[in-house]
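Asks: Take a look at coords.cif, mmCIF, C-alpha atoms and all ligand atoms:
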```
data_work
#
loop_
_atom_site.label_atom_id
_atom_site.label_comp_id
_atom_site.auth_asym_id
_atom_site.auth_seq_id
_atom_site.Cartn_x
_atom_site.Cartn_y
_atom_site.Cartn_z
CA MET A 30 57.59 182.15 78.99
CA ALA A 31 55.24 179.63 80.45
CA LEU A 32 51.58 178.69 80.27
CA ILE A 33 50.03 178.93 83.71
CA VAL A 34 46.55 177.94 84.82
CA GLN A 35 45.51 179.78 87.98
CA LYS A 36 42.44 179.04 90.07
CA TYR A 37 41.02 181.50 92.59
CA GLY A 38 38.59 180.15 95.20
CA GLY A 39 35.48 181.74 96.67
CA THR A 40 37.14 183.83 99.38
CA SER A 41 39.73 185.10 96.91
CA VAL A 42 36.94 186.55 94.73
CA GLY A 43 34.58 187.28 97.64
CA SER A 44 34.14 191.03 96.98
CA ALA A 45 34.69 193.63 94.26
CA GLU A 46 37.88 194.69 96.05
CA ARG A 47 39.21 191.15 96.08
CA ILE A 48 38.35 190.63 92.43
CA LYS A 49 40.37 193.76 91.64
CA ALA A 50 43.26 192.39 93.67
CA VAL A 51 43.09 189.11 91.73
CA ALA A 52 43.10 191.08 88.46
CA ALA A 53 46.25 192.91 89.54
CA LYS A 54 47.93 189.61 90.36
CA VAL A 55 46.94 188.05 87.04
CA LYS A 56 48.15 191.10 85.13
CA LYS A 57 51.53 190.82 86.81
CA TRP A 58 51.96 187.25 85.51
CA ARG A 59 50.86 188.42 82.07
CA ASP A 60 53.26 191.38 82.15
CA ASP A 61 56.06 188.98 83.03
CA GLY A 62 55.39 187.36 79.66
CA HIS A 63 53.36 184.31 80.65
CA ASP A 64 50.20 182.98 79.06
CA VAL A 65 47.56 182.89 81.75
CA VAL A 66 44.29 180.99 81.95
CA VAL A 67 42.27 181.80 85.06
CA VAL A 68 39.57 179.60 86.59
CA VAL A 69 37.33 181.16 89.20
CA SER A 70 34.83 179.93 91.78
CA ALA A 71 31.65 181.72 92.73
CA MET A 72 31.98 184.50 95.31
CA SER A 73 32.19 182.97 98.78
CA GLY A 74 28.81 181.90 100.16
CA GLU A 75 27.12 182.21 96.77
CA THR A 76 26.85 178.50 95.95
CA ASN A 77 25.31 177.80 99.37
CA ARG A 78 22.92 180.70 98.91
CA LEU A 79 21.76 179.35 95.56
CA ILE A 80 21.28 175.83 96.93
CA ASP A 81 19.22 177.19 99.84
CA LEU A 82 17.17 179.28 97.42
CA ALA A 83 16.42 176.18 95.34
CA LYS A 84 15.41 174.23 98.44
CA SER A 85 13.03 176.99 99.45
CA ILE A 86 11.12 176.18 96.27
CA GLN A 87 11.55 172.41 96.08
CA ALA A 88 12.83 170.25 98.97
CA THR A 89 14.75 168.00 96.59
CA PRO A 90 15.40 170.19 93.56
CA VAL A 91 15.31 168.65 90.08
CA PRO A 92 19.01 167.86 89.52
CA ARG A 93 19.13 169.36 86.02
CA GLU A 94 17.65 172.67 87.13
CA LEU A 95 19.76 172.81 90.28
CA ASP A 96 22.86 172.66 88.06
CA VAL A 97 21.50 175.43 85.83
CA LEU A 98 21.03 177.51 88.96
CA VAL A 99 24.28 176.91 90.83
CA ALA A 100 26.38 177.32 87.69
CA THR A 101 25.34 180.98 87.63
CA GLY A 102 27.60 181.72 90.62
CA GLU A 103 30.72 181.22 88.54
CA GLN A 104 29.27 183.11 85.57
CA VAL A 105 29.12 186.20 87.75
CA THR A 106 32.78 186.02 88.75
CA ILE A 107 34.18 185.36 85.26
CA ALA A 108 32.46 188.48 83.98
CA LEU A 109 33.54 190.64 86.92
CA LEU A 110 37.13 189.47 86.77
CA SER A 111 37.30 190.08 83.01
CA MET A 112 35.98 193.61 83.56
CA ALA A 113 38.53 194.18 86.31
CA LEU A 114 41.30 193.01 83.97
CA ASP A 115 40.05 195.20 81.13
CA GLU A 116 39.91 198.14 83.51
CA ILE A 117 43.63 197.88 84.22
CA GLY A 118 44.56 197.46 80.56
CA CYS A 119 44.86 193.70 80.46
CA PRO A 120 42.82 192.22 77.59
CA ALA A 121 40.68 189.33 78.81
CA ARG A 122 37.79 187.15 77.72
CA SER A 123 35.41 185.23 79.95
CA TYR A 124 33.89 181.86 79.06
CA THR A 125 31.41 179.52 80.70
CA GLY A 126 32.27 175.82 80.81
CA HIS A 127 29.92 175.12 77.92
CA GLN A 128 31.52 177.81 75.75
CA VAL A 129 34.97 176.22 75.99
CA HIS A 130 33.48 172.75 75.49
CA ILE A 131 34.18 171.25 78.88
CA LEU A 132 32.36 168.04 78.03
CA THR A 133 31.15 165.98 80.99
CA ASP A 134 28.97 162.95 81.59
CA SER A 135 25.35 163.61 82.52
CA VAL A 136 25.51 162.93 86.26
CA HIS A 137 24.13 166.21 87.57
CA SER A 138 25.85 167.72 90.63
CA LYS A 139 28.79 165.33 90.38
CA ALA A 140 29.62 165.17 86.69
CA ARG A 141 32.99 163.96 85.47
CA ILE A 142 34.96 165.78 82.80
CA LEU A 143 35.40 163.66 79.68
CA GLU A 144 37.02 166.07 77.25
CA ILE A 145 38.07 169.67 76.79
CA ASP A 146 38.47 171.39 73.45
CA ASP A 147 41.39 173.77 73.84
CA GLN A 148 41.04 175.51 70.44
CA ARG A 149 39.18 178.60 71.56
CA ILE A 150 41.41 179.13 74.56
CA ARG A 151 44.56 178.78 72.50
CA ALA A 152 43.26 181.23 69.90
CA ASP A 153 42.67 183.86 72.62
CA LEU A 154 46.05 183.24 74.24
CA ALA A 155 47.67 183.71 70.83
CA LYS A 156 46.02 187.14 70.67
CA GLY A 157 47.57 188.07 74.00
CA ARG A 158 44.39 187.75 76.01
CA VAL A 159 43.96 186.34 79.47
CA VAL A 160 41.29 183.65 79.33
CA VAL A 161 38.91 183.51 82.28
CA VAL A 162 36.94 180.26 82.60
CA ALA A 163 34.06 179.46 84.96
CA GLY A 164 35.04 176.66 87.33
CA PHE A 165 32.77 173.91 88.64
CA GLN A 166 30.77 173.54 85.42
CA GLY A 167 30.60 171.89 82.04
CA SER A 168 27.93 170.50 79.76
CA ASP A 169 26.98 167.02 78.64
CA GLN A 170 26.75 165.88 75.06
CA ASP A 171 23.18 167.13 74.79
CA GLY A 172 24.24 170.58 75.93
CA ASN A 173 22.75 170.32 79.43
CA ILE A 174 24.66 172.32 82.02
CA THR A 175 26.37 170.09 84.59
CA THR A 176 28.39 170.78 87.76
CA LEU A 177 31.32 168.86 89.15
CA GLY A 178 30.53 168.57 92.87
CA ARG A 179 31.43 170.91 95.73
CA GLY A 180 34.93 172.27 95.39
CA GLY A 181 34.81 171.37 91.69
CA SER A 182 36.63 174.46 90.43
CA ASP A 183 39.87 172.81 91.54
CA THR A 184 39.11 170.01 89.11
CA SER A 185 38.19 172.44 86.33
CA ALA A 186 41.59 174.09 86.73
CA VAL A 187 43.57 170.86 86.76
CA ALA A 188 41.64 169.48 83.79
CA LEU A 189 42.30 172.67 81.81
CA ALA A 190 45.96 172.53 82.77
CA ALA A 191 46.11 168.94 81.55
CA ALA A 192 44.33 169.73 78.29
CA LEU A 193 46.57 172.74 77.62
CA LYS A 194 49.70 170.95 78.85
CA ALA A 195 50.28 173.91 81.13
CA ASP A 196 53.62 174.35 82.87
CA GLU A 197 51.91 174.68 86.24
CA CYS A 198 48.44 174.68 87.78
CA GLN A 199 48.29 177.13 90.68
CA ILE A 200 45.43 176.85 93.17
CA TYR A 201 45.12 180.17 95.00
CA THR A 202 43.12 179.99 98.21
CA ASP A 203 42.78 181.49 101.70
CA VAL A 204 45.67 179.52 103.25
CA ASP A 205 49.26 179.62 102.00
CA GLY A 206 49.57 175.94 101.19
CA VAL A 207 48.75 172.44 102.35
CA TYR A 208 49.35 172.04 106.07
CA THR A 209 50.00 169.02 108.27
CA THR A 210 46.36 169.47 109.28
CA ASP A 211 43.69 172.15 108.90
CA PRO A 212 45.42 175.27 110.28
CA ARG A 213 42.01 176.62 111.32
CA VAL A 214 41.67 173.77 113.80
CA VAL A 215 45.27 173.29 114.96
CA SER A 216 47.23 176.52 115.20
CA ALA A 217 50.50 174.57 115.50
CA ALA A 218 49.93 173.05 112.03
CA ARG A 219 52.92 173.36 109.72
CA ARG A 220 52.92 174.20 106.01
CA LEU A 221 54.40 171.46 103.86
CA ASP A 222 56.77 172.47 101.06
CA ARG A 223 55.82 169.32 99.21
CA ILE A 224 53.40 166.44 99.50
CA THR A 225 52.97 163.41 97.22
CA PHE A 226 49.91 162.96 94.99
CA GLU A 227 49.21 159.75 96.86
CA GLU A 228 49.22 161.41 100.27
CA MET A 229 47.26 164.41 99.05
CA LEU A 230 44.69 162.05 97.58
CA GLU A 231 44.31 160.28 100.94
CA MET A 232 44.14 163.61 102.80
CA ALA A 233 41.46 164.88 100.41
CA SER A 234 39.45 161.65 100.55
CA LEU A 235 39.66 161.61 104.34
CA GLY A 236 38.26 165.11 104.68
CA SER A 237 40.89 167.79 103.95
CA LYS A 238 38.86 169.95 101.63
CA VAL A 239 41.74 172.19 100.57
CA LEU A 240 41.66 170.38 97.20
CA GLN A 241 38.78 168.47 95.63
CA ILE A 242 39.66 164.75 95.45
CA ARG A 243 39.15 164.55 91.71
CA SER A 244 41.54 167.41 91.04
CA VAL A 245 44.31 165.45 92.77
CA GLU A 246 43.41 162.25 90.91
CA PHE A 247 43.47 164.14 87.64
CA ALA A 248 46.78 165.85 88.38
CA GLY A 249 48.41 162.55 89.32
CA LYS A 250 47.08 160.80 86.26
CA TYR A 251 48.05 163.48 83.75
CA ASN A 252 51.19 164.55 85.51
CA VAL A 253 50.08 168.15 86.08
CA PRO A 254 52.45 170.13 88.30
CA LEU A 255 50.06 171.33 90.99
CA ARG A 256 50.70 174.02 93.59
CA VAL A 257 48.51 175.37 96.39
CA LEU A 258 49.23 178.99 97.37
CA SER A 259 47.67 181.97 99.08
CA SER A 260 45.99 184.68 97.07
CA PHE A 261 46.67 187.09 99.94
CA VAL A 262 50.32 186.62 100.85
CA GLU A 263 53.40 185.90 98.74
CA GLY A 264 55.10 182.54 99.07
CA ALA A 265 55.96 179.31 97.29
CA GLY A 266 53.01 177.38 98.76
CA THR A 267 52.93 173.59 98.56
CA LEU A 268 53.90 171.55 95.53
CA ILE A 269 52.01 168.30 94.99
CA THR A 270 54.54 165.94 93.49
CA TYR A 271 55.76 162.40 92.99
CA GLU A 272 57.43 160.53 95.79
CA ASP A 273 61.18 160.83 96.18
CA GLU A 274 63.71 159.40 98.62
CA GLU A 275 63.85 162.39 100.91
CA MET A 276 60.11 162.35 101.51
CA GLU A 277 60.24 158.84 102.94
CA ASP A 278 61.79 160.33 106.07
CA ALA A 279 58.54 161.71 107.34
CA LEU A 280 56.57 159.05 109.15
CA ILE A 281 53.30 160.93 109.08
CA SER A 282 52.74 163.75 106.61
CA GLY A 283 49.38 164.90 107.78
CA ILE A 284 46.21 164.43 109.78
CA ALA A 285 42.84 164.64 108.08
CA PHE A 286 39.44 164.62 109.68
CA ASN A 287 35.88 164.32 108.53
CA ARG A 288 32.89 165.73 110.32
CA ASP A 289 30.40 164.41 107.78
CA GLU A 290 30.06 160.83 108.97
CA ALA A 291 27.41 158.89 110.86
CA LYS A 292 27.55 155.38 112.28
CA LEU A 293 24.91 152.65 112.18
CA THR A 294 24.92 149.25 113.90
CA VAL A 295 22.67 146.26 113.44
CA LEU A 296 22.83 144.33 116.73
CA GLY A 297 22.30 140.63 117.17
CA VAL A 298 22.30 139.62 113.51
CA PRO A 299 22.23 135.86 112.92
CA ASP A 300 25.84 134.90 112.09
CA HIS A 301 25.17 133.26 108.73
CA PRO A 302 26.62 133.57 105.26
CA GLY A 303 25.09 136.39 103.24
CA VAL A 304 24.28 138.68 106.14
CA ALA A 305 26.64 141.49 105.09
CA SER A 306 25.14 141.57 101.64
CA LYS A 307 21.61 141.52 103.04
CA ILE A 308 22.45 144.62 105.09
CA LEU A 309 24.59 146.53 102.61
CA GLY A 310 22.72 145.45 99.46
CA PRO A 311 19.69 147.69 100.08
CA ILE A 312 21.99 150.51 101.25
CA GLY A 313 23.92 150.34 97.97
CA LYS A 314 20.71 150.14 95.97
CA ALA A 315 19.64 153.42 97.55
CA ASN A 316 22.89 154.96 96.21
CA ILE A 317 24.24 155.42 99.72
CA GLU A 318 28.00 155.16 99.89
CA VAL A 319 29.42 153.17 102.77
CA ASP A 320 32.78 154.12 104.24
CA MET A 321 34.02 151.98 107.15
CA ILE A 322 32.63 148.53 107.90
CA ILE A 323 33.12 146.36 110.99
CA GLN A 324 31.67 142.97 111.78
CA ASN A 325 32.39 141.56 115.21
CA THR A 326 33.22 137.91 115.81
CA GLY A 327 30.03 136.13 116.55
CA ALA A 328 28.90 134.99 119.98
CA ASP A 329 25.81 132.81 120.53
CA ASP A 330 25.49 132.50 116.79
CA THR A 331 24.81 136.21 116.41
CA THR A 332 27.01 139.16 115.60
CA ASP A 333 26.96 142.98 115.44
CA PHE A 334 27.47 144.76 112.15
CA THR A 335 28.56 148.41 112.05
CA PHE A 336 29.20 150.80 109.17
CA THR A 337 29.46 154.51 108.48
CA VAL A 338 27.80 156.70 105.85
CA HIS A 339 27.73 160.40 104.99
CA ARG A 340 25.55 162.36 107.43
CA ASN A 341 23.35 163.47 104.55
CA ASP A 342 22.42 159.82 104.04
CA TYR A 343 21.94 159.04 107.75
CA ALA A 344 18.15 159.32 107.87
CA ALA A 345 17.69 157.30 104.68
CA ALA A 346 20.09 154.59 105.91
CA LEU A 347 18.25 154.32 109.26
CA LYS A 348 14.96 153.85 107.48
CA ILE A 349 16.40 151.03 105.38
CA LEU A 350 17.93 149.31 108.42
CA ALA A 351 14.62 149.32 110.27
CA LYS A 352 13.25 147.10 107.50
CA VAL A 353 16.40 144.99 107.18
CA LYS A 354 16.36 144.33 110.93
CA ASP A 355 12.95 142.74 110.78
CA GLU A 356 13.77 140.73 107.69
CA LEU A 357 16.94 139.37 109.30
CA GLY A 358 15.45 138.85 112.71
CA ALA A 359 18.16 141.05 114.23
CA ARG A 360 17.85 142.28 117.80
CA ALA A 361 18.06 146.06 117.31
CA VAL A 362 19.55 148.95 115.36
CA SER A 363 21.64 151.57 117.11
CA SER A 364 23.06 154.68 115.51
CA ASP A 365 25.02 157.84 116.16
CA ASP A 366 25.54 160.86 113.96
CA LYS A 367 27.71 162.73 116.47
CA ILE A 368 30.91 161.03 115.42
CA VAL A 369 33.97 162.11 113.44
CA LYS A 370 36.77 160.30 111.69
CA ILE A 371 40.38 161.26 112.31
CA SER A 372 43.09 159.84 110.03
CA LEU A 373 46.87 159.77 109.99
CA VAL A 374 48.36 159.83 106.48
CA GLY A 375 51.93 159.20 105.39
CA VAL A 376 53.88 157.15 102.86
CA GLY A 377 56.41 156.58 105.66
CA MET A 378 53.91 154.20 107.26
CA ARG A 379 54.77 151.56 104.71
CA SER A 380 58.14 150.98 106.27
CA HIS A 381 57.42 151.64 109.95
CA ALA A 382 55.59 149.55 112.50
CA GLY A 383 54.13 150.83 115.74
CA ILE A 384 52.30 153.85 114.40
CA ALA A 385 48.90 152.46 115.31
CA SER A 386 49.92 151.72 118.89
CA THR A 387 51.39 155.23 119.32
CA MET A 388 48.15 156.64 117.96
CA PHE A 389 45.91 154.59 120.25
CA GLU A 390 48.04 155.32 123.30
CA ALA A 391 48.02 159.08 122.67
CA LEU A 392 44.23 159.06 122.38
CA ALA A 393 43.83 156.86 125.46
CA ASN A 394 45.98 159.26 127.50
CA GLU A 395 43.42 161.97 126.77
CA GLY A 396 40.53 159.66 127.67
CA ILE A 397 39.32 159.55 124.07
CA ASN A 398 37.43 156.37 123.31
CA ILE A 399 37.99 154.84 119.86
CA ARG A 400 34.76 153.53 118.35
CA MET A 401 36.03 152.16 115.04
CA ILE A 402 39.41 151.63 113.39
CA SER A 403 40.42 151.07 109.80
CA THR A 404 43.81 150.95 108.14
CA SER A 405 45.34 150.80 104.70
CA GLU A 406 48.87 151.03 103.39
CA ILE A 407 49.39 154.73 104.02
CA LYS A 408 46.65 155.67 106.48
CA ILE A 409 45.06 154.79 109.82
CA SER A 410 41.60 156.11 110.64
CA VAL A 411 39.69 156.10 113.89
CA VAL A 412 36.13 157.09 114.62
CA VAL A 413 35.63 159.02 117.87
CA ASP A 414 32.86 161.10 119.42
CA GLU A 415 32.43 164.46 117.76
CA LYS A 416 33.23 166.37 120.96
CA TYR A 417 36.79 164.98 120.85
CA LEU A 418 37.59 166.19 117.34
CA GLU A 419 39.83 169.13 118.19
CA LEU A 420 41.46 167.51 121.19
CA GLY A 421 42.07 164.33 119.21
CA VAL A 422 43.63 166.07 116.22
CA ARG A 423 45.77 168.33 118.42
CA THR A 424 46.93 165.39 120.53
CA LEU A 425 47.96 163.31 117.53
CA HIS A 426 49.60 166.30 115.87
CA SER A 427 51.91 166.66 118.89
CA ALA A 428 52.35 162.92 119.44
CA PHE A 429 53.74 162.50 115.93
CA GLY A 430 56.02 165.53 116.16
CA LEU A 431 54.16 167.57 113.57
CA ASP A 432 53.84 170.78 115.61
CA GLN A 433 55.81 173.72 114.29
CA ALA A 434 58.45 175.14 116.58
CA PRO A 435 56.88 177.96 118.61
CA ASN A 436 58.21 181.36 117.52
P1 LIG A 501 38.60 177.81 98.20
O1 LIG A 501 37.32 178.53 98.41
O2 LIG A 501 39.74 178.70 97.87
O3 LIG A 501 38.46 176.66 97.25
P2 LIG A 501 38.47 175.96 100.42
O4 LIG A 501 37.70 176.43 101.59
O5 LIG A 501 37.83 175.00 99.49
O6 LIG A 501 39.00 177.24 99.62
O7 LIG A 501 39.86 175.30 100.90
C1 LIG A 501 40.72 176.01 101.76
C2 LIG A 501 40.47 175.59 103.21
O8 LIG A 501 40.85 174.23 103.39
C3 LIG A 501 41.30 176.32 104.23
O9 LIG A 501 40.69 177.51 104.61
C4 LIG A 501 41.42 175.32 105.39
O10 LIG A 501 40.55 175.64 106.45
C5 LIG A 501 40.96 174.01 104.78
N1 LIG A 501 41.91 172.90 105.03
C6 LIG A 501 41.57 171.66 105.47
N2 LIG A 501 42.64 170.89 105.63
C7 LIG A 501 43.70 171.62 105.24
C8 LIG A 501 45.10 171.35 105.17
N3 LIG A 501 45.63 170.16 105.52
N4 LIG A 501 45.94 172.34 104.75
C9 LIG A 501 45.42 173.54 104.40
N5 LIG A 501 44.10 173.85 104.44
C10 LIG A 501 43.25 172.91 104.87
N1 LIG A 502 31.44 177.24 93.88
C1 LIG A 502 31.56 175.80 94.01
C2 LIG A 502 31.43 175.40 95.46
O1 LIG A 502 31.23 176.24 96.33
C3 LIG A 502 32.81 175.27 93.40
C4 LIG A 502 34.10 175.70 94.04
O2 LIG A 502 34.14 176.69 94.78
O3 LIG A 502 35.11 175.07 93.75
O4 LIG A 502 31.51 174.23 95.78
MG MG A 503 37.74 174.69 97.46
#
```
As structure tokens, what does this structure read like?
Replies:
Amino acid sequence: MALIVQKYGGTSVGSAERIKAVAAKVKKWRDDGHDVVVVVSAMSGETNRLIDLAKSIQATPVPRELDVLVATGEQVTIALLSMALDEIGCPARSYTGHQVHILTDSVHSKARILEIDDQRIRADLAKGRVVVVAGFQGSDQDGNITTLGRGGSDTSAVALAAALKADECQIYTDVDGVYTTDPRVVSAARRLDRITFEEMLEMASLGSKVLQIRSVEFAGKYNVPLRVLSSFVEGAGTLITYEDEEMEDALISGIAFNRDEAKLTVLGVPDHPGVASKILGPIGKANIEVDMIIQNTGADDTTDFTFTVHRNDYAAALKILAKVKDELGARAVSSDDKIVKISLVGVGMRSHAGIASTMFEALANEGINIRMISTSEIKISVVVDEKYLELGVRTLHSAFGLDQAPN
């Protein structure tokens, strides 16, 4: 007998029929003698609907109230799933994040979990009940409702699994595992049996939204066995695990991409000490996160300075740069929000040279211009025009031998 934490995403609980199907699945695990804690997301589309509703009242909703609102999505599904379980003779109890003391900091809409009190959950499990917990939410020490950022139910599940020392945390979603790249974009993508925490963390940070970044961080830190599987078809899914010898064989494990970026350049900046901080200081002060940064070698005592930000912050960043440009006596500001970032990820990169040149050559052969490049130990990222996203990802997927054999 094992203790399993299962998380079902929005599509998996997207209708009454699907909720019933989830209940049947959960009951089967329970009937097999396991203790089961279930974390659910809001029904698909619901969180977006609630955010839009809020914005129809207030352009920038008060963060505290927005959290109160969006947290209701998950409260609906915990109740419905518990009813569905009860209906098929499987005793269950639903709880909001606050009720099971998922304590977070007070940063609304991207709160971090600090502590979970497992007492209530354990007491229910001991009585043979399935415990159904609302994902994505917690409360701060003053009892204010908080949410954990988009995709946060993954993190709720992993945090609960860590707190309960569960034998496995199973993330059920609408694909049957982690693929070499998003299977909705590249049909030749291949399911991975296993991927390391480190690689999964890079994939998630570079745009593969199959798991929320924090859930992977948490699982790595607390050693939670984490598996991604389909709630629609049977299969072993993908295990996120520690690195072992065999895994070193793969040069590239996956390709991630991010459509949420925008690029800004300050042209003709005087090439003096302190310029980078004069440009990025005000950006940081405005709470805008910067991703890639490039400064060209100076010519004529001036240089160009380019960086990328999230598209949501594009307008705000442009406004700031207009001021900075005048203060610095720079020539101009240019910008582009029709760009994407494509990244190769693999622990195998550590021990192999030549990956970058293969990547650049493959893109060049398709006439894809690279606008920015950045590398780290286990990843290489390029920024290209948005229109080349699919072609670029497909090209690299083939160039690095990731395509599945045609059947
Ligand atoms: P859920 O609602 O269950 O949390 P998400 O939409 O958050 O589901 O995550 C699943 C989606 O992640 C898939 O439908 C797929 O399009 C996308 N995805 C992106 N990259 C990958 C990848 N490398 N492997 C599998 N799925 C991926
Ligand atoms: N419902 C939340 C969202 O759509 C949390 C989640 O699904 O994980 O982001
Ligand atoms: Mg998700």
Asks: Please report, as AutoDock Vina command-line options, the centre and edge lengths in Å to one decimal of an axis-aligned box covering all listed atoms of range 316-328 of chain A with 6 Å per side.
Replies:
```
--center_x 28.5 --center_y 145.2 --center_z 108.1 --size_x 23.1 --size_y 32.4 --size_z 35.8
```
Asks: If we count only C-alpha atoms, what is near Ala191 in chain A at a cut-off of 10 Å, once residues fewer than 5 positions away on the same chain are taken out, given as number ranges by chain?
Replies: A: 34, 145, 185-186, 196-198, 247-248, 250-254
Asks: Dump as CSV the rows for residues of chain A within 12 Å of ligand LIG 502 (chain A): closest atom pair and distance in Å with one decimal, all atoms listed in the file counted, ordered by chain and rising residue number.
Replies:
```
residue,atom,partner,partner_atom,distance
A:Lys36,CA,A:LIG502,O3,9.1
A:Tyr37,CA,A:LIG502,O2,8.7
A:Gly38,CA,A:LIG502,O2,5.7
A:Gly39,CA,A:LIG502,O2,5.6
A:Thr40,CA,A:LIG502,O2,9.0
A:Ser41,CA,A:LIG502,O2,10.3
A:Val42,CA,A:LIG502,O2,10.2
A:Gly43,CA,A:LIG502,O2,11.0
A:Val68,CA,A:LIG502,O3,9.6
A:Val69,CA,A:LIG502,O2,7.8
A:Ser70,CA,A:LIG502,O2,4.5
A:Ala71,CA,A:LIG502,N1,4.6
A:Met72,CA,A:LIG502,N1,7.4
A:Ser73,CA,A:LIG502,O1,7.2
A:Gly74,CA,A:LIG502,O1,7.2
A:Glu75,CA,A:LIG502,N1,7.2
A:Thr76,CA,A:LIG502,O1,4.9
A:Asn77,CA,A:LIG502,O1,6.8
A:Arg78,CA,A:LIG502,O1,9.8
A:Leu79,CA,A:LIG502,O1,10.0
A:Ile80,CA,A:LIG502,O1,10.0
A:Asp96,CA,A:LIG502,C1,11.0
A:Leu98,CA,A:LIG502,N1,11.5
A:Val99,CA,A:LIG502,N1,7.8
A:Ala100,CA,A:LIG502,N1,8.0
A:Thr101,CA,A:LIG502,N1,9.5
A:Gly102,CA,A:LIG502,N1,6.7
A:Glu103,CA,A:LIG502,N1,6.7
A:Gln104,CA,A:LIG502,N1,10.4
A:Val105,CA,A:LIG502,N1,11.1
A:Thr106,CA,A:LIG502,N1,10.3
A:Ser138,CA,A:LIG502,O4,10.0
A:Lys139,CA,A:LIG502,O4,10.8
A:Ala163,CA,A:LIG502,C3,9.5
A:Gly164,CA,A:LIG502,O3,6.6
A:Phe165,CA,A:LIG502,C3,5.0
A:Gln166,CA,A:LIG502,C3,8.4
A:Thr176,CA,A:LIG502,C3,8.5
A:Leu177,CA,A:LIG502,C3,7.8
A:Gly178,CA,A:LIG502,O4,6.4
A:Arg179,CA,A:LIG502,O4,3.3
A:Gly180,CA,A:LIG502,O3,3.2
A:Gly181,CA,A:LIG502,O3,4.2
A:Ser182,CA,A:LIG502,O3,3.7
A:Asp183,CA,A:LIG502,O3,5.7
A:Thr184,CA,A:LIG502,O3,7.9
A:Ser185,CA,A:LIG502,O3,8.5
A:Ala186,CA,A:LIG502,O3,9.6
A:Val187,CA,A:LIG502,O3,11.8
A:Ile200,CA,A:LIG502,O3,10.5
A:Tyr201,CA,A:LIG502,O3,11.3
A:Thr202,CA,A:LIG502,O2,10.2
A:Lys238,CA,A:LIG502,O3,10.1
A:Val239,CA,A:LIG502,O3,9.9
A:Leu240,CA,A:LIG502,O3,8.8
A:Gln241,CA,A:LIG502,O3,7.8
A:Ile242,CA,A:LIG502,O3,11.4
A:Arg243,CA,A:LIG502,O3,11.5
A:Ser244,CA,A:LIG502,O3,10.4
```
Asks: Using C-alpha atoms, can you write the selected residues to a file as a CSV table (one decimal), in the frame of the given file?
Replies:
```csv
chain,number,residue,atom,x,y,z
A,36,LYS,CA,42.4,179.0,90.1
A,37,TYR,CA,41.0,181.5,92.6
A,38,GLY,CA,38.6,180.2,95.2
A,39,GLY,CA,35.5,181.7,96.7
A,40,THR,CA,37.1,183.8,99.4
A,41,SER,CA,39.7,185.1,96.9
A,42,VAL,CA,36.9,186.6,94.7
A,43,GLY,CA,34.6,187.3,97.6
A,68,VAL,CA,39.6,179.6,86.6
A,69,VAL,CA,37.3,181.2,89.2
A,70,SER,CA,34.8,179.9,91.8
A,71,ALA,CA,31.6,181.7,92.7
A,72,MET,CA,32.0,184.5,95.3
A,73,SER,CA,32.2,183.0,98.8
A,74,GLY,CA,28.8,181.9,100.2
A,75,GLU,CA,27.1,182.2,96.8
A,76,THR,CA,26.8,178.5,96.0
A,77,ASN,CA,25.3,177.8,99.4
A,78,ARG,CA,22.9,180.7,98.9
A,79,LEU,CA,21.8,179.4,95.6
A,80,ILE,CA,21.3,175.8,96.9
A,96,ASP,CA,22.9,172.7,88.1
A,98,LEU,CA,21.0,177.5,89.0
A,99,VAL,CA,24.3,176.9,90.8
A,100,ALA,CA,26.4,177.3,87.7
A,101,THR,CA,25.3,181.0,87.6
A,102,GLY,CA,27.6,181.7,90.6
A,103,GLU,CA,30.7,181.2,88.5
A,104,GLN,CA,29.3,183.1,85.6
A,105,VAL,CA,29.1,186.2,87.8
A,106,THR,CA,32.8,186.0,88.8
A,138,SER,CA,25.8,167.7,90.6
A,139,LYS,CA,28.8,165.3,90.4
A,163,ALA,CA,34.1,179.5,85.0
A,164,GLY,CA,35.0,176.7,87.3
A,165,PHE,CA,32.8,173.9,88.6
A,166,GLN,CA,30.8,173.5,85.4
A,176,THR,CA,28.4,170.8,87.8
A,177,LEU,CA,31.3,168.9,89.2
A,178,GLY,CA,30.5,168.6,92.9
A,179,ARG,CA,31.4,170.9,95.7
A,180,GLY,CA,34.9,172.3,95.4
A,181,GLY,CA,34.8,171.4,91.7
A,182,SER,CA,36.6,174.5,90.4
A,183,ASP,CA,39.9,172.8,91.5
A,184,THR,CA,39.1,170.0,89.1
A,185,SER,CA,38.2,172.4,86.3
A,186,ALA,CA,41.6,174.1,86.7
A,187,VAL,CA,43.6,170.9,86.8
A,200,ILE,CA,45.4,176.8,93.2
A,201,TYR,CA,45.1,180.2,95.0
A,202,THR,CA,43.1,180.0,98.2
A,238,LYS,CA,38.9,170.0,101.6
A,239,VAL,CA,41.7,172.2,100.6
A,240,LEU,CA,41.7,170.4,97.2
A,241,GLN,CA,38.8,168.5,95.6
A,242,ILE,CA,39.7,164.8,95.4
A,243,ARG,CA,39.2,164.6,91.7
A,244,SER,CA,41.5,167.4,91.0
```
Asks: Figure out the distance between CA of Leu268 in chain A and CA of Ile224 in chain A, please, to one decimal in Å.
Replies: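 Interatomic distance here is 6.5 Å.
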Asks: Between A:Asp320, A:Asp365, A:Glu356, A:Glu395, which one has atoms that come closest to Val422 in chain A, using only C-alpha atoms?
Replies: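 Distance minimum relative to Val422 in chain A lands on A:Glu395.
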Asks: What is the distance between CA of Ser260 in chain A and CA of Ala50 in chain A, in Å to one decimal?
Replies: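 Here the two named atoms are 8.9 Å from each other.
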